$ cat upload-v1.txt   # compact mmCIF, C-alpha atoms
# COMPACT_ATOMS: atom_id res chain seq x y z
CA MET A 21 64.38 160.57 114.15
CA ALA A 22 66.02 157.30 113.25
CA GLU A 23 69.12 156.17 115.04
CA ILE A 24 72.37 156.65 113.14
CA TRP A 25 75.17 154.12 113.09
CA SER A 26 78.63 155.07 111.92
CA SER A 27 81.88 153.21 111.72
CA ASN A 28 83.69 156.48 112.45
CA PRO A 29 83.18 158.42 115.68
CA ILE A 30 82.20 162.04 115.16
CA VAL A 31 84.46 164.51 117.01
CA PRO A 32 83.20 168.11 116.68
CA HIS A 33 85.82 170.72 115.80
CA THR A 34 85.78 174.36 116.83
CA GLY A 35 83.72 176.34 114.37
CA GLY A 36 82.52 173.21 112.58
CA THR A 37 78.92 172.76 111.47
CA PHE A 38 77.24 169.88 109.67
CA ASN A 39 73.84 168.33 109.02
CA PHE A 40 73.24 164.73 110.01
CA PRO A 41 71.22 163.04 107.26
CA THR A 42 68.66 160.36 108.13
CA ALA A 43 66.59 159.85 105.01
CA THR A 44 68.80 157.41 103.13
CA THR A 45 70.58 154.18 103.85
CA GLU A 46 74.12 155.40 103.24
CA VAL A 47 75.35 158.97 102.96
CA VAL A 48 78.75 160.51 102.38
CA TYR A 49 78.89 163.98 103.89
CA THR A 50 81.56 166.59 104.45
CA ILE A 51 82.46 168.68 107.50
CA ASN A 52 84.23 171.94 106.82
CA TYR A 53 85.77 173.48 109.91
CA THR A 54 88.28 176.06 111.11
CA ASP A 55 90.47 175.41 114.13
CA ASN A 56 91.59 177.93 116.74
CA ASN A 57 94.66 178.86 114.66
CA GLY A 58 92.58 179.82 111.66
CA CYS A 59 93.48 176.75 109.64
CA THR A 60 90.68 175.24 107.54
CA ALA A 61 90.21 171.58 106.78
CA THR A 62 87.65 169.16 105.39
CA THR A 63 86.69 165.74 106.73
CA THR A 64 84.49 163.27 104.86
CA TYR A 65 82.43 160.60 106.60
CA THR A 66 80.26 157.76 105.37
CA VAL A 67 77.24 157.26 107.61
CA THR A 68 74.96 154.24 107.48
CA ASP A 69 71.40 154.38 108.78
CA PRO A 70 70.08 150.80 109.19
CA TYR A 71 66.52 152.14 109.34
CA ALA A 72 66.77 154.25 106.17
CA GLY A 73 64.97 157.11 107.87
CA HIS A 74 61.87 155.08 108.77
CA GLU A 75 60.43 155.15 112.28
CA TYR A 76 60.04 152.08 114.46
CA VAL A 77 58.89 150.82 117.85
CA GLU A 78 61.06 148.30 119.68
CA ILE A 79 59.05 145.53 121.32
CA GLY A 80 60.52 142.29 122.61
CA GLY A 81 63.98 143.11 121.28
CA LEU A 82 62.74 143.53 117.68
CA LYS A 83 62.24 146.88 115.98
CA TRP A 84 58.87 147.03 114.21
CA ALA A 85 58.12 149.64 111.56
CA THR A 86 55.32 151.99 112.55
CA MET A 87 53.70 151.80 109.10
CA ASN A 88 53.24 149.44 106.18
CA ILE A 89 55.52 149.17 103.18
CA GLY A 90 54.28 151.70 100.63
CA ALA A 91 52.38 153.75 103.21
CA THR A 92 52.95 157.41 104.02
CA GLU A 93 50.89 157.43 107.22
CA ILE A 94 50.45 154.97 110.09
CA THR A 95 46.83 154.49 109.05
CA ASP A 96 47.60 153.82 105.35
CA LYS A 97 47.23 150.31 103.98
CA GLY A 98 50.30 150.68 101.77
CA LEU A 99 50.90 148.27 98.90
CA TYR A 100 49.74 144.74 98.15
CA PHE A 101 52.39 142.08 97.51
CA GLN A 102 52.34 138.45 96.44
CA TRP A 103 54.51 136.37 98.75
CA GLY A 104 58.07 136.44 97.48
CA ASP A 105 57.49 139.31 95.03
CA THR A 106 59.10 142.67 95.78
CA GLU A 107 56.86 144.73 93.50
CA GLY A 108 53.85 146.16 95.29
CA TYR A 109 50.56 147.45 93.90
CA THR A 110 48.00 150.00 94.98
CA ALA A 111 44.30 149.20 95.19
CA ASP A 112 43.75 151.03 91.90
CA GLN A 113 46.21 148.72 90.17
CA VAL A 114 44.35 145.55 91.13
CA GLY A 115 42.24 144.09 88.35
CA SER A 116 42.08 141.87 85.30
CA GLY A 117 42.50 144.56 82.66
CA ALA A 118 45.56 145.56 80.69
CA GLY A 119 48.36 146.80 82.92
CA GLN A 120 46.64 145.66 86.11
CA LYS A 121 47.78 143.08 88.63
CA TYR A 122 45.58 139.98 88.70
CA PHE A 123 46.97 138.34 91.86
CA GLY A 124 46.38 134.81 90.69
CA TRP A 125 48.60 131.80 90.13
CA GLU A 126 48.80 132.81 86.47
CA ASP A 127 50.90 135.90 87.30
CA TYR A 128 52.68 134.60 90.38
CA LYS A 129 56.42 135.20 90.20
CA TYR A 130 57.40 131.69 91.29
CA GLY A 131 54.57 129.77 89.64
CA ASN A 132 54.60 128.01 86.28
CA GLY A 133 52.18 130.40 84.58
CA THR A 134 49.09 128.21 84.91
CA SER A 135 46.00 128.72 87.05
CA SER A 136 46.54 125.41 88.89
CA PRO A 137 50.27 124.89 89.32
CA GLY A 138 50.09 122.52 92.28
CA ALA A 139 53.02 122.04 94.63
CA THR A 140 55.25 120.82 91.80
CA GLY A 141 54.60 124.05 89.89
CA MET A 142 56.41 126.24 92.39
CA THR A 143 59.75 127.19 90.85
CA LYS A 144 61.22 128.48 94.13
CA TYR A 145 60.48 127.82 97.80
CA ASN A 146 59.45 124.28 97.11
CA SER A 147 60.18 120.76 98.33
CA THR A 148 63.26 120.59 96.12
CA ASP A 149 65.19 123.70 97.20
CA GLY A 150 64.21 123.29 100.86
CA LYS A 151 63.91 127.05 101.45
CA THR A 152 61.49 127.90 104.24
CA VAL A 153 62.14 131.64 104.67
CA LEU A 154 62.29 134.29 101.98
CA ASP A 155 65.71 135.23 100.66
CA LEU A 156 66.41 138.93 101.15
CA SER A 157 66.33 139.33 97.38
CA ASP A 158 62.64 138.30 97.54
CA ASP A 159 61.83 140.29 100.67
CA ALA A 160 59.47 143.20 99.97
CA ALA A 161 60.55 145.16 103.05
CA ARG A 162 64.25 145.01 102.16
CA ALA A 163 63.67 145.73 98.48
CA ASN A 164 61.43 148.75 99.07
CA TRP A 165 62.91 150.31 102.21
CA GLY A 166 66.53 149.21 102.13
CA GLY A 167 68.63 149.49 105.28
CA LEU A 168 68.31 146.38 107.42
CA TRP A 169 64.57 146.12 107.00
CA ARG A 170 63.06 142.69 106.33
CA MET A 171 59.75 140.92 106.69
CA PRO A 172 59.09 139.25 110.07
CA THR A 173 58.99 135.48 110.31
CA ALA A 174 55.91 133.63 111.52
CA ASP A 175 57.65 132.96 114.84
CA GLU A 176 58.36 136.67 115.25
CA TYR A 177 54.68 137.46 114.81
CA VAL A 178 53.90 134.88 117.49
CA ALA A 179 56.51 136.49 119.76
CA LEU A 180 54.93 139.88 119.14
CA GLY A 181 51.59 138.45 120.23
CA GLU A 182 53.14 137.24 123.47
CA ALA A 183 54.74 140.64 124.16
CA VAL A 184 51.71 142.88 123.68
CA ASN A 185 48.19 143.53 124.84
CA THR A 186 45.78 143.93 121.94
CA ALA A 187 42.67 146.02 121.41
CA TRP A 188 40.49 146.48 118.35
CA THR A 189 39.48 149.98 117.32
CA THR A 190 37.10 151.28 114.68
CA ASP A 191 38.51 154.80 114.85
CA TYR A 192 42.25 154.92 115.50
CA GLN A 193 43.13 158.32 117.02
CA GLY A 194 40.15 159.93 115.31
CA SER A 195 41.26 158.86 111.84
CA GLY A 196 38.19 156.74 111.12
CA VAL A 197 40.51 153.81 110.34
CA GLU A 198 39.78 150.40 111.81
CA GLY A 199 42.47 148.01 113.00
CA ILE A 200 44.32 146.41 115.88
CA ILE A 201 46.36 148.25 118.50
CA CYS A 202 49.29 146.35 120.03
CA THR A 203 50.65 147.80 123.28
CA ASP A 204 53.84 146.53 124.92
CA LYS A 205 53.00 144.72 128.16
CA ILE A 206 56.05 146.17 129.90
CA ASP A 207 56.15 149.72 128.49
CA SER A 208 52.71 151.02 127.53
CA SER A 209 54.28 153.95 125.66
CA LYS A 210 55.32 151.50 122.94
CA VAL A 211 52.39 151.05 120.59
CA LEU A 212 51.95 149.54 117.12
CA PHE A 213 48.89 149.96 114.96
CA PHE A 214 47.97 147.58 112.15
CA PRO A 215 45.21 149.03 109.95
CA VAL A 216 42.71 146.71 108.31
CA CYS A 217 44.00 145.50 104.94
CA SER A 218 41.98 143.34 102.58
CA SER A 219 43.61 140.65 100.52
CA CYS A 220 43.66 140.58 96.70
CA SER A 221 42.84 137.58 94.58
CA GLU A 222 42.00 137.01 90.91
CA GLY A 223 41.66 140.65 89.97
CA GLU A 224 39.67 141.77 92.99
CA ILE A 225 40.12 143.10 96.51
CA SER A 226 38.14 140.74 98.70
CA ARG A 227 35.04 142.29 100.25
CA LEU A 228 34.94 139.39 102.68
CA HIS A 229 38.29 140.53 104.06
CA GLU A 230 37.81 144.30 104.11
CA ASP A 231 37.50 144.39 107.90
CA ILE A 232 40.49 142.08 108.55
CA CYS A 233 44.19 142.73 109.02
CA HIS A 234 46.31 140.59 106.68
CA TYR A 235 50.11 140.85 106.84
CA TRP A 236 52.63 138.54 105.21
CA SER A 237 55.39 136.88 107.18
CA SER A 238 58.57 135.69 105.46
CA SER A 239 57.87 132.05 106.41
CA LEU A 240 56.73 129.29 104.08
CA TYR A 241 54.08 126.82 105.27
CA SER A 242 54.58 123.04 105.07
CA ASP A 243 52.27 123.01 102.04
CA VAL A 244 54.49 124.99 99.67
CA LEU A 245 51.50 126.63 97.99
CA LEU A 246 50.94 128.54 101.23
CA ALA A 247 52.84 131.01 103.39
CA TYR A 248 52.24 132.24 106.94
CA ARG A 249 50.51 135.51 107.62
CA PHE A 250 49.31 137.56 110.59
CA HIS A 251 45.50 137.72 110.64
CA ALA A 252 43.46 139.89 113.01
CA GLU A 253 39.85 140.98 113.19
CA SER A 254 37.59 142.44 115.85
CA TYR A 255 36.86 139.16 117.63
CA ARG A 256 39.91 136.98 116.99
CA ILE A 257 43.62 137.01 116.18
CA PHE A 258 45.78 134.42 114.44
CA TRP A 259 49.46 135.27 114.63
CA ASN A 260 50.43 132.51 112.18
CA LEU A 261 47.58 131.68 109.82
CA ARG A 262 48.16 130.59 106.20
CA PHE A 263 47.32 132.00 102.77
CA GLU A 264 47.95 131.15 99.12
CA ARG A 265 51.24 132.71 98.02
CA SER A 266 49.58 134.24 94.95
CA ARG A 267 47.32 136.53 96.99
CA GLY A 268 48.04 140.21 97.48
CA VAL A 269 48.69 141.06 101.12
CA ALA A 270 50.19 144.01 103.03
CA VAL A 271 53.73 143.94 104.47
CA ARG A 272 55.19 145.36 107.69
CA GLY A 273 58.96 145.53 108.17
CA VAL A 274 61.25 144.73 111.10
CA VAL A 275 64.91 145.21 112.00
CA GLY A 276 66.70 142.89 114.37
$ encode --input "upload-v1.txt" --output "structure tokens"
Amino acid sequence: MAEIWSSNPIVPHTGGTFNFPTATTEVVYTINYTDNNGCTATTTYTVTDPYAGHEYVEIGGLKWATMNIGATEITDKGLYFQWGDTEGYTADQVGSGAGQKYFGWEDYKYGNGTSSPGATGMTKYNSTDGKTVLDLSDDAARANWGGLWRMPTADEYVALGEAVNTAWTTDYQGSGVEGIICTDKIDSSKVLFFPVCSSCSEGEISRLHEDICHYWSSSLYSDVLLAYRFHAESYRIFWNLRFERSRGVAVRGVVG
């Protein structure tokens, strides 16, 4: 169950009953109670859940979501996102046909609509605006999960790498899903699993990347056509590798 934060302390009253909601970001709920003298009253509270009902593991002072944005299980890949776009797509939606997502520079949100925009063709997060981290309005974790969720920065992925021991598995907990297990060096009960997630490019899901973990960070690279990502495979890990912003990549959220 997610933690609940409230600006109002809850003081139970005799005979009072209420349900504590956790599934949404903000909830207004009512407590009806009867005191010892038989008098009835109603109290209304607004409760804010910064995690919007999603589970997390805290490692190194940062709360990491246990699953990908768009996933329903820890082993699910979730949705594919271009860097800076908040709309995600399933594998079935990737393609070059009508109504499908191409994942090229031609359909990149902050490109100029051409297949070769170059650095000067980036309409946001470029050398002119000086932005190096995604605005929350362009953050896929915040847009899709709400609460205080956001995408981790490249430095936060590096910090995660310093805080955990890693192991590659081809069958996570008997699920048949391949990926990397990250276990807190201090508290081995804290475990994160990143399932393998291919990248998408020019109407296809890359077969070359089908056994690799790709996860966007919120950090722009010095070449503004690129952004940082977390990259892991069975024999190597890069906590801050780069990728073209137009590619479709999975997203994991953090709070903190």
$ closest_residue --input "upload-v1.txt" --among "A:Phe263, A:Phe214, A:Tyr76, A:Trp165" --to "A:Asp243" --atoms "all atoms listed in the file"
A:Phe263
$ closest_residue --input "upload-v1.txt" --among "A:Lys83, A:Ser266, A:Thr190, A:Met171" --to "A:Phe250" --atoms "only C-alpha atoms"
A:Met171
$ atom_distance --input "upload-v1.txt" --atom1 "atom CA of A:Leu156" --atom2 "atom CA of A:Gly273"
12.2 Å
$ atom_distance --input "upload-v1.txt" --atom1 "atom CA of A:Thr110" --atom2 "atom CA of A:Ile94"
16.1 Å
$ closest_residue --input "upload-v1.txt" --among "A:Ser226, A:Ser242, A:Ala252, A:Gly131" --to "A:Thr189" --atoms "all atoms listed in the file"
A:Ala252
$ closest_residue --input "upload-v1.txt" --among "A:Glu264, A:Glu222, A:Glu253, A:Glu182" --to "A:Lys121" --atoms "all atoms listed in the file"
A:Glu222
$ residues_around --input "upload-v1.txt" --residues "A:Trp169" --least-positions-apart "5" --cutoff "8 Å" --atoms "all atoms listed in the file" --output "NGL selection string"
:A and (70-71 or 161-162 or 273-275)
$ write_last_selection --input "upload-v1.txt" --atoms "C-alpha atoms" --output "mmCIF file, in the frame of the given file"
data_model
loop_
_atom_site.group_PDB
_atom_site.id
_atom_site.type_symbol
_atom_site.label_atom_id
_atom_site.label_comp_id
_atom_site.auth_asym_id
_atom_site.auth_seq_id
_atom_site.Cartn_x
_atom_site.Cartn_y
_atom_site.Cartn_z
ATOM 1 C CA PRO A 70 70.080 150.800 109.190
ATOM 2 C CA TYR A 71 66.520 152.140 109.340
ATOM 3 C CA ALA A 161 60.550 145.160 103.050
ATOM 4 C CA ARG A 162 64.250 145.010 102.160
ATOM 5 C CA GLY A 273 58.960 145.530 108.170
ATOM 6 C CA VAL A 274 61.250 144.730 111.100
ATOM 7 C CA VAL A 275 64.910 145.210 112.000
#
$ residues_around --input "upload-v1.txt" --residues "A:Ala139" --least-positions-apart "4" --cutoff "10 Å" --atoms "only C-alpha atoms" --output "list in words"
Gly131, Thr143, Tyr145, Asn146, Ser147, Asp243, Val244, Leu245 and Leu246 of chain A
$ residues_around --input "upload-v1.txt" --residues "A:Phe123" --least-positions-apart "6" --cutoff "7 Å" --atoms "all atoms listed in the file" --output "PyMOL selection string"
chain A and resi 220-223+266-268
$ residues_near_point --input "upload-v1.txt" --point "(59.2, 131.9, 96.3)" --cutoff "7 Å" --atoms "all atoms listed in the file" --output "compact mmCIF listing (two decimals) with C-alpha atoms, in the coordinates of the input"
# COMPACT_ATOMS: atom_id res chain seq x y z
CA TRP A 103 54.51 136.37 98.75
CA GLY A 104 58.07 136.44 97.48
CA TYR A 130 57.40 131.69 91.29
CA LYS A 144 61.22 128.48 94.13
CA TYR A 145 60.48 127.82 97.80
CA LEU A 154 62.29 134.29 101.98
$ atom_distance --input "upload-v1.txt" --atom1 "atom CA of A:Gln193" --atom2 "atom CA of A:Asp96"
13.3 Å
$ residues_around --input "upload-v1.txt" --residues "A:Ile206" --least-positions-apart "5" --cutoff "10 Å" --atoms "all atoms listed in the file" --output "PyMOL selection string"
chain A and resi 79-80+183-185
$ closest_residue --input "upload-v1.txt" --among "A:Leu240, A:Ala163, A:Ala118, A:Val178" --to "A:Lys151" --atoms "only C-alpha atoms"
A:Leu240
$ decode --input "upload-v1.txt" --residues "stretch 58-73 of chain A" --atoms "N, CA and C atoms" --output "PDB file, in the first residue's frame"
ATOM      1  N   GLY A  58     -24.397  10.589  21.536  1.00  0.00           N
ATOM      2  CA  GLY A  58     -25.395  10.309  20.514  1.00  0.00           C
ATOM      3  C   GLY A  58     -25.512  11.376  19.451  1.00  0.00           C
ATOM      4  N   CYS A  59     -24.627  12.351  19.461  1.00  0.00           N
ATOM      5  CA  CYS A  59     -24.670  13.406  18.458  1.00  0.00           C
ATOM      6  C   CYS A  59     -23.902  12.955  17.212  1.00  0.00           C
ATOM      7  N   THR A  60     -24.483  13.196  16.045  1.00  0.00           N
ATOM      8  CA  THR A  60     -23.825  12.823  14.787  1.00  0.00           C
ATOM      9  C   THR A  60     -23.185  14.041  14.126  1.00  0.00           C
ATOM     10  N   ALA A  61     -22.133  13.797  13.409  1.00  0.00           N
ATOM     11  CA  ALA A  61     -21.444  14.880  12.714  1.00  0.00           C
ATOM     12  C   ALA A  61     -20.716  14.313  11.501  1.00  0.00           C
ATOM     13  N   THR A  62     -20.318  15.198  10.623  1.00  0.00           N
ATOM     14  CA  THR A  62     -19.598  14.809   9.404  1.00  0.00           C
ATOM     15  C   THR A  62     -18.357  15.676   9.262  1.00  0.00           C
ATOM     16  N   THR A  63     -17.231  15.034   8.965  1.00  0.00           N
ATOM     17  CA  THR A  63     -15.985  15.749   8.719  1.00  0.00           C
ATOM     18  C   THR A  63     -15.466  15.376   7.346  1.00  0.00           C
ATOM     19  N   THR A  64     -15.036  16.359   6.574  1.00  0.00           N
ATOM     20  CA  THR A  64     -14.512  16.120   5.233  1.00  0.00           C
ATOM     21  C   THR A  64     -13.019  16.418   5.202  1.00  0.00           C
ATOM     22  N   TYR A  65     -12.267  15.516   4.594  1.00  0.00           N
ATOM     23  CA  TYR A  65     -10.825  15.673   4.478  1.00  0.00           C
ATOM     24  C   TYR A  65     -10.402  15.554   3.015  1.00  0.00           C
ATOM     25  N   THR A  66      -9.364  16.280   2.666  1.00  0.00           N
ATOM     26  CA  THR A  66      -8.719  16.100   1.373  1.00  0.00           C
ATOM     27  C   THR A  66      -7.375  15.420   1.610  1.00  0.00           C
ATOM     28  N   VAL A  67      -7.181  14.289   0.994  1.00  0.00           N
ATOM     29  CA  VAL A  67      -5.974  13.497   1.185  1.00  0.00           C
ATOM     30  C   VAL A  67      -5.194  13.445  -0.120  1.00  0.00           C
ATOM     31  N   THR A  68      -3.913  13.676  -0.039  1.00  0.00           N
ATOM     32  CA  THR A  68      -3.055  13.622  -1.217  1.00  0.00           C
ATOM     33  C   THR A  68      -2.088  12.452  -1.094  1.00  0.00           C
ATOM     34  N   ASP A  69      -2.059  11.629  -2.119  1.00  0.00           N
ATOM     35  CA  ASP A  69      -1.130  10.503  -2.191  1.00  0.00           C
ATOM     36  C   ASP A  69      -0.069  10.836  -3.243  1.00  0.00           C
ATOM     37  N   PRO A  70       1.143  11.152  -2.859  1.00  0.00           N
ATOM     38  CA  PRO A  70       2.173  11.535  -3.834  1.00  0.00           C
ATOM     39  C   PRO A  70       2.566  10.407  -4.776  1.00  0.00           C
ATOM     40  N   TYR A  71       2.179   9.175  -4.451  1.00  0.00           N
ATOM     41  CA  TYR A  71       2.540   8.029  -5.280  1.00  0.00           C
ATOM     42  C   TYR A  71       1.370   7.543  -6.128  1.00  0.00           C
ATOM     43  N   ALA A  72       0.226   8.188  -5.995  1.00  0.00           N
ATOM     44  CA  ALA A  72      -0.950   7.882  -6.815  1.00  0.00           C
ATOM     45  C   ALA A  72      -1.290   6.396  -6.824  1.00  0.00           C
ATOM     46  N   GLY A  73      -1.044   5.728  -5.700  1.00  0.00           N
ATOM     47  CA  GLY A  73      -1.396   4.327  -5.576  1.00  0.00           C
ATOM     48  C   GLY A  73      -0.393   3.354  -6.161  1.00  0.00           C
TER      49      GLY A  73
END
